[in-house]
Amino acid sequence: MDAVIENLPTFLRGFGMTLGLLVLSGTAAFAVGSIVAAMRISPIASVRGFAAAYTEILRNTPLTLVLFFCAFILPYLGVRIDFFTLAVIGLTAYTSPFVAEAIRSGFNGVPIGQAEAARSIGMSFGQTLGLVVMPQAIRMVIPPLINVFIALTKNTSVAGAFFVKELFASAGDVINIRGDSVVAILLAVAFFYLLVTVTLGIIAARVEKKVAVLR
Amino acid sequence: MSVLYDAPGPITKRRERIGSIIGLVLIVVGLVALVLALAAPRVSANGAEQPGMFDPSRWDIFTDLALWRGVLDGVWGTLRMAGVAAVLAVLVGIAFSFGRTARSAFVRIPVLVILEFFRGMPVLLMMLFILLVFSTGAYPAGVLALGIYNGAIIGEALRAGIASLPRGQRESGLAIGLTPVQTRMLIEFPQAFRQMLPIIIAQLVVLLKDTSLAYVIGYPELLRKVVNQMSNFYGNRYFFSLFFLTLVIYLAINLSLSWLARYVARRSGPRMGKALPNTPKPPGIEGTRAITLPRPRNRTPD
């Protein structure tokens with residue numbers, strides 16, 4: 001236990017780094033994912049195809065490979081960026097298709113009759129989407145989206161293996177100094193992760209209950 | 001979503017076709033630019049020029065049989081871990097689902113806490129924990145961590161499956177004189193398992209993908225075996241080519257498994273009906289899910 005207290009600054013620094021990774025790549029993934037989701041319902045076939053291929057390829061590539069690409073292959077090809085930014089790029093690329101799928105399934109989840117009804121009473125495209133479909137879709141999108149961010153929180157740990165000094169890497173550092181209390185150190189790190197994931201999980205459950213619509 | 005637009009007339013149709021062609025051209029131009037940039041010879045810091053990424057001198061090792069033996073080794077390492085972990089995950093999942101739905105709160109609540117603990121923590125951390133605390137090798141650590149983590153998720157899925165069964169199933173089981181345990185085993189569990197099969201298979205695809213995390217704890221799976229060990233052996237020149245090969249192999253395995261999972265989901269589809277739009281999300285939707293599957297319809301008692 002004293003090993004944890006002694007090295008609390010290291011853990012907190014790592015935790016800060018983890019939160020930084022989470023917020024930056026979460027925001028970026030949300031932006032990219034929204035664009036990809038919009039591309040997938042676009043009337044232009046080639047754009048749709050591109051978005052589908054992007055989603056399929058990135059979702060079926062292991063995260064380790066994506067981050068390996070960012071941390072080793074990109075510098076090998078002559079890209080000079082620091083590892084933190086590279087990790088953010090990798091996590092964004094990996095998470096964005098999941099965001100896109102969450103958004104897309106939310107929109108697909110709105111029964112077609114809603115849009116039909118809106119159209120048949122003479123609403124325009126903008127009105128149908130803005131007043132009828134969107135408000136219902138957002139309710140259904142938020143819980144799965146939070147789940148994506150929970151997974152992202154856990155996935156940031158992989159960046160620790162690729163030269164980013166976040167929580168997981170700080171655990172390794174502390175274990176190198178205090179090899180005698182591995183259990184306490186790892187449990188402390190797990191606690192920090194649970195702090196984020198369980199909180200997000202509770203929020204997701206709360207939101208889900210609150211926005212549930214009876215149809 | 002097409003209901004959102006008016007049916008396209010001839011002008012809109014032409015515009016869409018033109019847009020499609022422009023989009024296609026842009027994508028092709030982007031890809032060609034990428035390939036050309038990769039193929040261009042690169043100048044390193046000391047002014048020495050090296051061949052581009054598609055130069056034959058970077059790919060000539062692929063005629064070497066020893067390389068392919070190494071690749072097979074790597075694939076085997078990955079599949080060996082995924083296979084054992086998958087069996088473990090299903091078993092752990094079944095155990096968790098029983099614990100989670102136990103009648104006694106002394107069982108139910110501790111199981112709930114443990115489940116939340118395992119689900120909320122990175123697999124990588126669990127691998128490291130098992131590796132260091134129980135000082136197993138990298139292989140058992142990877143198998144156990146993947147088995148427990150995915151087992152927790154499968155357990156939640158099975159619990160949701162049991163919970164979604166109509167009450168009458170359990171009641172009629174008890175009414176014909178089965179004990180509560182028999183009812184669970186013979187009536188509820190088989191239905192829940194079948195209903196959740198698509199989610200379980202999807203989670204197993206995720207498990208296969210996650211075996212690559214064992215790279216971090218030093219297990220010689222595909223990535224470590226091919227990219228690290230081979231480029232040490234054949235020279236740094238082949239770094240990119242070997243990575244490319246690894247990526248292709250992973251995509252081939254995962255895409256075919258995802259396709260299989262979808263096929264199974266579709267096969268068991270008619271029995272379960274179409275996905276209800278606003279049913280609660282299945283607990284298996286962690287972000288690492290490889291594929292999207294429709295949630296089976298809760299059968300309503302008639």
# chains A, B, ... in the order shown; residues from 1 in each chain; ligands from 1
call {"tool": "closest_atom_pairs", "arguments": {"of": "range 91-111 of chain A", "to": "range 50-63 of chain A", "cutoff": "9 Å", "atoms": "only C-alpha atoms", "output": "CSV"}}
result
residue,atom,partner,partner_atom,distance
A:Leu91,CA,A:Leu63,CA,7.9
A:Ala93,CA,A:Leu58,CA,7.4
A:Tyr94,CA,A:Leu58,CA,6.1
A:Thr95,CA,A:Arg59,CA,8.3
A:Ser96,CA,A:Thr55,CA,8.2
A:Pro97,CA,A:Thr55,CA,4.9
A:Phe98,CA,A:Arg59,CA,7.3
A:Ala100,CA,A:Thr55,CA,8.0
A:Glu101,CA,A:Thr55,CA,8.2
call {"tool": "write_last_selection", "arguments": {"atoms": "C-alpha atoms", "output": "compact mmCIF listing (two decimals), in the first residue's frame"}}
result
# COMPACT_ATOMS: atom_id res chain seq x y z
CA LEU A 91 -7.21 5.80 -31.14
CA ALA A 93 -8.95 6.09 -36.30
CA TYR A 94 -9.85 2.95 -34.38
CA THR A 95 -12.81 4.43 -32.49
CA SER A 96 -14.43 6.48 -35.25
CA PRO A 97 -16.06 3.53 -37.10
CA PHE A 98 -17.65 2.38 -33.84
CA ALA A 100 -20.31 5.87 -36.85
CA GLU A 101 -22.05 2.53 -36.32
call {"tool": "residues_around", "arguments": {"residues": "Phe118 in chain B", "least_positions_apart": "5", "cutoff": "8 Å", "atoms": "only C-alpha atoms", "output": "list of chain:residue names"}}
result
B:Ile148, B:Tyr149, B:Ala152
call {"tool": "closest_atom_pairs", "arguments": {"of": "chain A", "to": "chain B", "cutoff": "8 Å", "atoms": "only C-alpha atoms", "output": "Markdown table"}}
result
| residue | atom | partner | partner_atom | distance |
| --- | --- | --- | --- | --- |
| A:Ile41 | CA | B:Met1 | CA | 7.5 |
| A:Pro43 | CA | B:Glu16 | CA | 6.9 |
| A:Ile44 | CA | B:Ser20 | CA | 5.1 |
| A:Ala45 | CA | B:Ser20 | CA | 5.6 |
| A:Ser46 | CA | B:Ser20 | CA | 5.1 |
| A:Val47 | CA | B:Gly23 | CA | 6.1 |
| A:Phe50 | CA | B:Ile27 | CA | 7.8 |
| A:Ile57 | CA | B:Leu251 | CA | 7.2 |
| A:Arg59 | CA | B:Ala290 | CA | 5.7 |
| A:Asn60 | CA | B:Asn254 | CA | 5.7 |
| A:Thr61 | CA | B:Leu251 | CA | 6.2 |
| A:Pro62 | CA | B:Lys209 | CA | 5.1 |
| A:Leu63 | CA | B:Asp210 | CA | 7.8 |
| A:Thr64 | CA | B:Ser212 | CA | 6.1 |
| A:Leu65 | CA | B:Leu247 | CA | 7.4 |
| A:Ile73 | CA | B:Phe240 | CA | 6.7 |
| A:Leu77 | CA | B:Leu38 | CA | 7.9 |
| A:Thr95 | CA | B:Gly287 | CA | 7.7 |
| A:Phe98 | CA | B:Gly287 | CA | 6.3 |
| A:Glu101 | CA | B:Thr292 | CA | 7.8 |
| A:Asn108 | CA | B:Met1 | CA | 7.6 |
| A:Gly109 | CA | B:Pro277 | CA | 4.5 |
| A:Val110 | CA | B:Pro277 | CA | 6.7 |
| A:Pro111 | CA | B:Pro277 | CA | 7.0 |
| A:Ile112 | CA | B:Met1 | CA | 7.5 |
| A:Ala115 | CA | B:Leu4 | CA | 6.6 |
| A:Glu116 | CA | B:Val3 | CA | 6.4 |
| A:Arg119 | CA | B:Leu4 | CA | 7.3 |
| A:Phe125 | CA | B:Leu4 | CA | 5.9 |
| A:Thr128 | CA | B:Leu4 | CA | 7.2 |
| A:Leu129 | CA | B:Leu4 | CA | 7.7 |
| A:Met140 | CA | B:Asn278 | CA | 7.5 |
| A:Pro144 | CA | B:Ile285 | CA | 7.3 |
| A:Asn147 | CA | B:Glu286 | CA | 5.8 |
| A:Val148 | CA | B:Gly287 | CA | 4.2 |
| A:Phe149 | CA | B:Gly287 | CA | 7.2 |
| A:Ile150 | CA | B:Gly287 | CA | 7.4 |
| A:Ala151 | CA | B:Gly287 | CA | 4.9 |
| A:Leu152 | CA | B:Gly287 | CA | 7.1 |
| A:Lys154 | CA | B:Pro122 | CA | 4.6 |
| A:Asn155 | CA | B:Pro122 | CA | 6.8 |
| A:Ser157 | CA | B:Pro122 | CA | 6.8 |
| A:Val158 | CA | B:Leu124 | CA | 7.0 |
| A:Ala161 | CA | B:Val216 | CA | 6.2 |
| A:Phe168 | CA | B:Leu125 | CA | 7.1 |
| A:Val182 | CA | B:Val133 | CA | 6.8 |
| A:Val183 | CA | B:Val133 | CA | 6.5 |
| A:Leu186 | CA | B:Phe129 | CA | 6.6 |
| A:Ala190 | CA | B:Met121 | CA | 6.1 |
| A:Tyr193 | CA | B:Met121 | CA | 6.1 |
| A:Leu194 | CA | B:Gly120 | CA | 5.5 |
| A:Thr197 | CA | B:Gly120 | CA | 5.5 |
| A:Val198 | CA | B:Gly120 | CA | 6.4 |
| A:Val213 | CA | B:Asn278 | CA | 7.9 |
call {"tool": "residues_around", "arguments": {"residues": "Ala102 in chain A", "least_positions_apart": "3", "cutoff": "7 Å", "atoms": "only C-alpha atoms", "output": "list in words"}}
result
Phe98, Val99, Ser105, Gly106, Val141, Pro144 and Leu145 of chain A
call {"tool": "write_last_selection", "arguments": {"atoms": "all heavy atoms", "output": "PDB file, in the first residue's frame"}}
result
ATOM      1  N   PHE A  98     -16.686   2.819 -34.837  1.00  0.00           N
ATOM      2  CA  PHE A  98     -17.655   2.376 -33.837  1.00  0.00           C
ATOM      3  C   PHE A  98     -18.650   3.486 -33.526  1.00  0.00           C
ATOM      4  O   PHE A  98     -19.835   3.238 -33.339  1.00  0.00           O
ATOM      5  CB  PHE A  98     -16.935   1.930 -32.563  1.00  0.00           C
ATOM      6  CG  PHE A  98     -16.123   0.688 -32.753  1.00  0.00           C
ATOM      7  CD1 PHE A  98     -14.753   0.758 -32.892  1.00  0.00           C
ATOM      8  CD2 PHE A  98     -16.736  -0.551 -32.835  1.00  0.00           C
ATOM      9  CE1 PHE A  98     -13.998  -0.388 -33.086  1.00  0.00           C
ATOM     10  CE2 PHE A  98     -15.991  -1.692 -33.021  1.00  0.00           C
ATOM     11  CZ  PHE A  98     -14.623  -1.608 -33.159  1.00  0.00           C
ATOM     12  N   VAL A  99     -18.131   4.731 -33.479  1.00  0.00           N
ATOM     13  CA  VAL A  99     -19.021   5.876 -33.293  1.00  0.00           C
ATOM     14  C   VAL A  99     -19.999   5.952 -34.461  1.00  0.00           C
ATOM     15  O   VAL A  99     -21.214   6.113 -34.269  1.00  0.00           O
ATOM     16  CB  VAL A  99     -18.198   7.182 -33.191  1.00  0.00           C
ATOM     17  CG1 VAL A  99     -19.116   8.385 -33.199  1.00  0.00           C
ATOM     18  CG2 VAL A  99     -17.355   7.183 -31.936  1.00  0.00           C
ATOM     19  N   SER A 105     -26.934   3.198 -36.295  1.00  0.00           N
ATOM     20  CA  SER A 105     -27.974   2.289 -35.812  1.00  0.00           C
ATOM     21  C   SER A 105     -29.039   3.060 -35.039  1.00  0.00           C
ATOM     22  O   SER A 105     -30.207   2.670 -35.037  1.00  0.00           O
ATOM     23  CB  SER A 105     -27.367   1.175 -34.965  1.00  0.00           C
ATOM     24  OG  SER A 105     -26.742   1.720 -33.837  1.00  0.00           O
ATOM     25  N   GLY A 106     -28.638   4.182 -34.411  1.00  0.00           N
ATOM     26  CA  GLY A 106     -29.632   5.010 -33.736  1.00  0.00           C
ATOM     27  C   GLY A 106     -30.629   5.584 -34.723  1.00  0.00           C
ATOM     28  O   GLY A 106     -31.841   5.560 -34.497  1.00  0.00           O
ATOM     29  N   VAL A 141     -29.092   7.134 -29.541  1.00  0.00           N
ATOM     30  CA  VAL A 141     -27.669   7.115 -29.861  1.00  0.00           C
ATOM     31  C   VAL A 141     -26.824   7.265 -28.607  1.00  0.00           C
ATOM     32  O   VAL A 141     -25.770   6.640 -28.486  1.00  0.00           O
ATOM     33  CB  VAL A 141     -27.340   8.222 -30.878  1.00  0.00           C
ATOM     34  CG1 VAL A 141     -25.860   8.451 -30.962  1.00  0.00           C
ATOM     35  CG2 VAL A 141     -27.883   7.851 -32.233  1.00  0.00           C
ATOM     36  N   PRO A 144     -25.472   3.867 -26.492  1.00  0.00           N
ATOM     37  CA  PRO A 144     -24.395   3.132 -27.157  1.00  0.00           C
ATOM     38  C   PRO A 144     -23.139   3.972 -27.347  1.00  0.00           C
ATOM     39  O   PRO A 144     -22.024   3.443 -27.287  1.00  0.00           O
ATOM     40  CB  PRO A 144     -24.972   2.744 -28.524  1.00  0.00           C
ATOM     41  CG  PRO A 144     -26.322   3.269 -28.593  1.00  0.00           C
ATOM     42  CD  PRO A 144     -26.697   3.888 -27.305  1.00  0.00           C
ATOM     43  N   LEU A 145     -23.333   5.266 -27.533  1.00  0.00           N
ATOM     44  CA  LEU A 145     -22.171   6.138 -27.709  1.00  0.00           C
ATOM     45  C   LEU A 145     -21.332   6.164 -26.432  1.00  0.00           C
ATOM     46  O   LEU A 145     -20.098   6.106 -26.481  1.00  0.00           O
ATOM     47  CB  LEU A 145     -22.657   7.549 -28.046  1.00  0.00           C
ATOM     48  CG  LEU A 145     -21.813   8.361 -29.000  1.00  0.00           C
ATOM     49  CD1 LEU A 145     -21.485   7.563 -30.236  1.00  0.00           C
ATOM     50  CD2 LEU A 145     -22.546   9.623 -29.385  1.00  0.00           C
TER      51      LEU A 145
END
call {"tool": "select_by_dssp", "arguments": {"residues": "range 47-254 of chain B", "states": "helix (DSSP H, G or I)", "output": "ChimeraX atom specification"}}
result
/B:56-58,60-63,65-100,105-119,123-133,138-163,167-175,180-215,222-234,236-254
call {"tool": "closest_residue", "arguments": {"among": "B:Ser164, B:Thr136, B:Thr101, B:Thr12", "to": "Val181 in chain B", "atoms": "only C-alpha atoms"}}
result
B:Thr101
call {"tool": "atom_distance", "arguments": {"atom1": "CA of Arg13 in chain A", "atom2": "CA of Val189 in chain A"}}
result
12.0 Å
call {"tool": "residues_around", "arguments": {"residues": "Ile81 in chain A", "least_positions_apart": "5", "cutoff": "10 Å", "atoms": "only C-alpha atoms", "output": "ChimeraX atom specification"}}
result
/A:70-71,74-75,86
call {"tool": "write_last_selection", "arguments": {"atoms": "all heavy atoms", "output": "mmCIF file, in the first residue's frame"}}
result
data_model
loop_
_atom_site.group_PDB
_atom_site.id
_atom_site.type_symbol
_atom_site.label_atom_id
_atom_site.label_comp_id
_atom_site.auth_asym_id
_atom_site.auth_seq_id
_atom_site.Cartn_x
_atom_site.Cartn_y
_atom_site.Cartn_z
ATOM 1 N N CYS A 70 0.861 3.498 -36.063
ATOM 2 C CA CYS A 70 1.106 4.907 -35.729
ATOM 3 C C CYS A 70 2.463 5.091 -35.063
ATOM 4 O O CYS A 70 3.167 6.060 -35.344
ATOM 5 C CB CYS A 70 0.004 5.426 -34.809
ATOM 6 S SG CYS A 70 -1.538 5.620 -35.672
ATOM 7 N N ALA A 71 2.826 4.169 -34.174
ATOM 8 C CA ALA A 71 4.026 4.396 -33.377
ATOM 9 C C ALA A 71 5.303 3.951 -34.083
ATOM 10 O O ALA A 71 6.380 4.489 -33.810
ATOM 11 C CB ALA A 71 3.905 3.681 -32.035
ATOM 12 N N LEU A 74 4.597 4.813 -39.135
ATOM 13 C CA LEU A 74 4.574 6.212 -39.581
ATOM 14 C C LEU A 74 5.936 6.887 -39.399
ATOM 15 O O LEU A 74 6.437 7.505 -40.343
ATOM 16 C CB LEU A 74 3.462 6.993 -38.862
ATOM 17 C CG LEU A 74 2.053 6.767 -39.404
ATOM 18 C CD1 LEU A 74 1.045 7.610 -38.648
ATOM 19 C CD2 LEU A 74 1.971 7.067 -40.895
ATOM 20 N N PRO A 75 6.573 6.771 -38.224
ATOM 21 C CA PRO A 75 7.932 7.331 -38.112
ATOM 22 C C PRO A 75 8.889 6.681 -39.106
ATOM 23 O O PRO A 75 9.765 7.351 -39.665
ATOM 24 C CB PRO A 75 8.337 7.015 -36.669
ATOM 25 C CG PRO A 75 7.062 6.885 -35.948
ATOM 26 C CD PRO A 75 6.096 6.299 -36.924
ATOM 27 N N LEU A 86 0.545 10.797 -32.039
ATOM 28 C CA LEU A 86 0.376 9.589 -32.852
ATOM 29 C C LEU A 86 -0.653 8.657 -32.209
ATOM 30 O O LEU A 86 -1.493 8.083 -32.902
ATOM 31 C CB LEU A 86 1.715 8.871 -33.007
ATOM 32 C CG LEU A 86 2.705 9.523 -33.970
ATOM 33 C CD1 LEU A 86 4.046 8.823 -33.903
ATOM 34 C CD2 LEU A 86 2.171 9.481 -35.393
#
call {"tool": "select_by_dssp", "arguments": {"residues": "range 39-193 of chain B", "states": "strand (DSSP E or B)", "output": "PyMOL selection string"}}
result
chain B and resi 42-43+49-50
call {"tool": "write_last_selection", "arguments": {"atoms": "C-alpha atoms", "output": "PDB file, in the first residue's frame"}}
result
ATOM      1  CA  ARG B  42      13.202   8.111 -49.524  1.00  0.00           C
ATOM      2  CA  VAL B  43      16.208  10.100 -48.472  1.00  0.00           C
ATOM      3  CA  GLU B  49      18.806   7.308 -50.710  1.00  0.00           C
ATOM      4  CA  GLN B  50      16.740   4.214 -50.041  1.00  0.00           C
TER       5      GLN B  50
END
call {"tool": "residues_around", "arguments": {"residues": "Thr78 in chain B", "least_positions_apart": "2", "cutoff": "7 Å", "atoms": "only C-alpha atoms", "output": "number ranges by chain"}}
result
B: 74-76, 80-82, 211, 221-222
call {"tool": "write_last_selection", "arguments": {"atoms": "N, CA and C atoms", "output": "PDB file, in the first residue's frame"}}
result
ATOM      1  N   GLY B  74       3.144 -17.731 -36.448  1.00  0.00           N
ATOM      2  CA  GLY B  74       2.467 -16.587 -35.853  1.00  0.00           C
ATOM      3  C   GLY B  74       0.965 -16.768 -35.877  1.00  0.00           C
ATOM      4  N   VAL B  75       0.444 -17.221 -37.024  1.00  0.00           N
ATOM      5  CA  VAL B  75      -1.005 -17.447 -37.136  1.00  0.00           C
ATOM      6  C   VAL B  75      -1.437 -18.491 -36.117  1.00  0.00           C
ATOM      7  N   TRP B  76      -0.645 -19.535 -36.010  1.00  0.00           N
ATOM      8  CA  TRP B  76      -0.954 -20.610 -35.062  1.00  0.00           C
ATOM      9  C   TRP B  76      -0.936 -20.056 -33.634  1.00  0.00           C
ATOM     10  N   ARG B  80      -4.214 -20.303 -31.515  1.00  0.00           N
ATOM     11  CA  ARG B  80      -4.126 -21.170 -30.345  1.00  0.00           C
ATOM     12  C   ARG B  80      -4.641 -20.415 -29.117  1.00  0.00           C
ATOM     13  N   MET B  81      -4.219 -19.148 -29.013  1.00  0.00           N
ATOM     14  CA  MET B  81      -4.668 -18.352 -27.877  1.00  0.00           C
ATOM     15  C   MET B  81      -6.170 -18.073 -27.980  1.00  0.00           C
ATOM     16  N   ALA B  82      -6.617 -17.702 -29.167  1.00  0.00           N
ATOM     17  CA  ALA B  82      -8.028 -17.353 -29.347  1.00  0.00           C
ATOM     18  C   ALA B  82      -8.920 -18.560 -29.089  1.00  0.00           C
ATOM     19  N   THR B 211      -6.556 -10.852 -29.105  1.00  0.00           N
ATOM     20  CA  THR B 211      -5.354 -11.639 -28.826  1.00  0.00           C
ATOM     21  C   THR B 211      -4.110 -10.849 -29.185  1.00  0.00           C
ATOM     22  N   GLU B 221       2.629 -13.688 -30.827  1.00  0.00           N
ATOM     23  CA  GLU B 221       1.495 -13.861 -31.731  1.00  0.00           C
ATOM     24  C   GLU B 221       1.871 -13.276 -33.090  1.00  0.00           C
ATOM     25  N   LEU B 222       0.888 -13.166 -33.959  1.00  0.00           N
ATOM     26  CA  LEU B 222       1.168 -12.827 -35.352  1.00  0.00           C
ATOM     27  C   LEU B 222       2.041 -11.581 -35.501  1.00  0.00           C
TER      28      LEU B 222
END
call {"tool": "residues_around", "arguments": {"residues": "Val174 in chain A", "least_positions_apart": "5", "cutoff": "12 Å", "atoms": "only C-alpha atoms", "output": "JSON list (two decimals) with C-alpha atoms, in the first residue's frame"}}
result
[["chain", "number", "residue", "atom", "x", "y", "z"],
["A", 2, "ASP", "CA", 2.84, 2.41, 0.81],
["A", 3, "ALA", "CA", 4.17, 1.79, -2.67],
["A", 4, "VAL", "CA", 0.95, 3.24, -4.05],
["A", 5, "ILE", "CA", 0.96, 6.27, -1.76],
["A", 6, "GLU", "CA", 4.63, 7.01, -2.42],
["A", 7, "ASN", "CA", 4.11, 6.95, -6.14],
["A", 8, "LEU", "CA", 0.75, 8.68, -6.21],
["A", 9, "PRO", "CA", 2.14, 11.61, -8.24],
["A", 10, "THR", "CA", 3.26, 9.17, -10.96],
["A", 11, "PHE", "CA", -0.17, 7.58, -11.03],
["A", 14, "GLY", "CA", -0.49, 8.90, -15.82],
["A", 165, "LYS", "CA", 3.30, 7.64, -20.44],
["A", 167, "LEU", "CA", -1.78, 5.11, -16.57],
["A", 168, "PHE", "CA", -0.85, 1.65, -17.80],
["A", 169, "ALA", "CA", 2.72, 2.70, -18.59],
["A", 179, "GLY", "CA", 8.62, -4.96, -7.49],
["A", 180, "ASP", "CA", 7.59, -6.12, -4.03],
["A", 181, "SER", "CA", 4.03, -4.79, -4.14],
["A", 182, "VAL", "CA", 2.81, -5.63, -7.63],
["A", 183, "VAL", "CA", -0.70, -6.50, -6.50],
["A", 184, "ALA", "CA", -1.32, -3.20, -4.75],
["A", 185, "ILE", "CA", 0.06, -1.20, -7.65],
["A", 186, "LEU", "CA", -2.02, -2.98, -10.28],
["A", 188, "ALA", "CA", -4.56, 0.97, -7.75],
["A", 189, "VAL", "CA", -4.31, 1.35, -11.51]]
call {"tool": "decode", "arguments": {"residues": "range 101-125 of chain B", "atoms": "N, CA and C atoms", "output": "mmCIF file, in the first residue's frame"}}
result
data_model
loop_
_atom_site.group_PDB
_atom_site.id
_atom_site.type_symbol
_atom_site.label_atom_id
_atom_site.label_comp_id
_atom_site.auth_asym_id
_atom_site.auth_seq_id
_atom_site.Cartn_x
_atom_site.Cartn_y
_atom_site.Cartn_z
ATOM 1 N N THR B 101 -27.923 -14.608 -11.789
ATOM 2 C CA THR B 101 -29.373 -14.765 -11.687
ATOM 3 C C THR B 101 -29.750 -15.666 -10.514
ATOM 4 N N ALA B 102 -28.764 -15.907 -9.622
ATOM 5 C CA ALA B 102 -29.043 -16.793 -8.486
ATOM 6 C C ALA B 102 -30.119 -16.177 -7.600
ATOM 7 N N ARG B 103 -30.863 -17.064 -6.879
ATOM 8 C CA ARG B 103 -31.937 -16.540 -6.047
ATOM 9 C C ARG B 103 -31.387 -15.887 -4.784
ATOM 10 N N SER B 104 -30.276 -16.453 -4.298
ATOM 11 C CA SER B 104 -29.723 -15.930 -3.049
ATOM 12 C C SER B 104 -28.912 -14.664 -3.315
ATOM 13 N N ALA B 105 -29.203 -13.612 -2.556
ATOM 14 C CA ALA B 105 -28.477 -12.357 -2.736
ATOM 15 C C ALA B 105 -27.014 -12.508 -2.342
ATOM 16 N N PHE B 106 -26.700 -13.510 -1.502
ATOM 17 C CA PHE B 106 -25.309 -13.715 -1.102
ATOM 18 C C PHE B 106 -24.456 -14.146 -2.284
ATOM 19 N N VAL B 107 -25.078 -14.758 -3.267
ATOM 20 C CA VAL B 107 -24.355 -15.120 -4.476
ATOM 21 C C VAL B 107 -24.446 -13.977 -5.481
ATOM 22 N N ARG B 108 -25.654 -13.470 -5.651
ATOM 23 C CA ARG B 108 -25.924 -12.536 -6.735
ATOM 24 C C ARG B 108 -25.085 -11.264 -6.634
ATOM 25 N N ILE B 109 -25.048 -10.680 -5.433
ATOM 26 C CA ILE B 109 -24.404 -9.375 -5.311
ATOM 27 C C ILE B 109 -22.881 -9.445 -5.448
ATOM 28 N N PRO B 110 -22.207 -10.397 -4.801
ATOM 29 C CA PRO B 110 -20.759 -10.505 -5.058
ATOM 30 C C PRO B 110 -20.455 -10.745 -6.531
ATOM 31 N N VAL B 111 -21.246 -11.602 -7.173
ATOM 32 C CA VAL B 111 -21.004 -11.874 -8.599
ATOM 33 C C VAL B 111 -21.162 -10.592 -9.408
ATOM 34 N N LEU B 112 -22.177 -9.797 -9.055
ATOM 35 C CA LEU B 112 -22.399 -8.538 -9.748
ATOM 36 C C LEU B 112 -21.174 -7.626 -9.627
ATOM 37 N N VAL B 113 -20.641 -7.531 -8.412
ATOM 38 C CA VAL B 113 -19.479 -6.667 -8.184
ATOM 39 C C VAL B 113 -18.283 -7.159 -8.987
ATOM 40 N N ILE B 114 -18.059 -8.474 -8.939
ATOM 41 C CA ILE B 114 -16.916 -9.031 -9.671
ATOM 42 C C ILE B 114 -17.064 -8.779 -11.165
ATOM 43 N N LEU B 115 -18.296 -8.975 -11.657
ATOM 44 C CA LEU B 115 -18.552 -8.763 -13.084
ATOM 45 C C LEU B 115 -18.234 -7.320 -13.480
ATOM 46 N N GLU B 116 -18.729 -6.375 -12.675
ATOM 47 C CA GLU B 116 -18.484 -4.964 -12.995
ATOM 48 C C GLU B 116 -16.995 -4.673 -12.981
ATOM 49 N N PHE B 117 -16.316 -5.279 -12.009
ATOM 50 C CA PHE B 117 -14.868 -5.078 -11.897
ATOM 51 C C PHE B 117 -14.159 -5.568 -13.159
ATOM 52 N N PHE B 118 -14.495 -6.776 -13.595
ATOM 53 C CA PHE B 118 -13.818 -7.336 -14.767
ATOM 54 C C PHE B 118 -14.180 -6.598 -16.041
ATOM 55 N N ARG B 119 -15.433 -6.135 -16.095
ATOM 56 C CA ARG B 119 -15.849 -5.489 -17.342
ATOM 57 C C ARG B 119 -15.291 -4.086 -17.476
ATOM 58 N N GLY B 120 -15.023 -3.455 -16.331
ATOM 59 C CA GLY B 120 -14.600 -2.060 -16.371
ATOM 60 C C GLY B 120 -13.112 -1.870 -16.469
ATOM 61 N N MET B 121 -12.368 -2.954 -16.567
ATOM 62 C CA MET B 121 -10.919 -2.817 -16.490
ATOM 63 C C MET B 121 -10.321 -3.244 -17.833
ATOM 64 N N PRO B 122 -9.246 -2.608 -18.264
ATOM 65 C CA PRO B 122 -8.653 -2.992 -19.549
ATOM 66 C C PRO B 122 -8.146 -4.437 -19.526
ATOM 67 N N VAL B 123 -8.335 -5.139 -20.642
ATOM 68 C CA VAL B 123 -7.841 -6.522 -20.734
ATOM 69 C C VAL B 123 -6.339 -6.558 -20.529
ATOM 70 N N LEU B 124 -5.692 -5.530 -21.060
ATOM 71 C CA LEU B 124 -4.239 -5.470 -21.005
ATOM 72 C C LEU B 124 -3.759 -5.481 -19.561
ATOM 73 N N LEU B 125 -4.463 -4.719 -18.720
ATOM 74 C CA LEU B 125 -4.105 -4.651 -17.306
ATOM 75 C C LEU B 125 -4.291 -6.022 -16.659
#
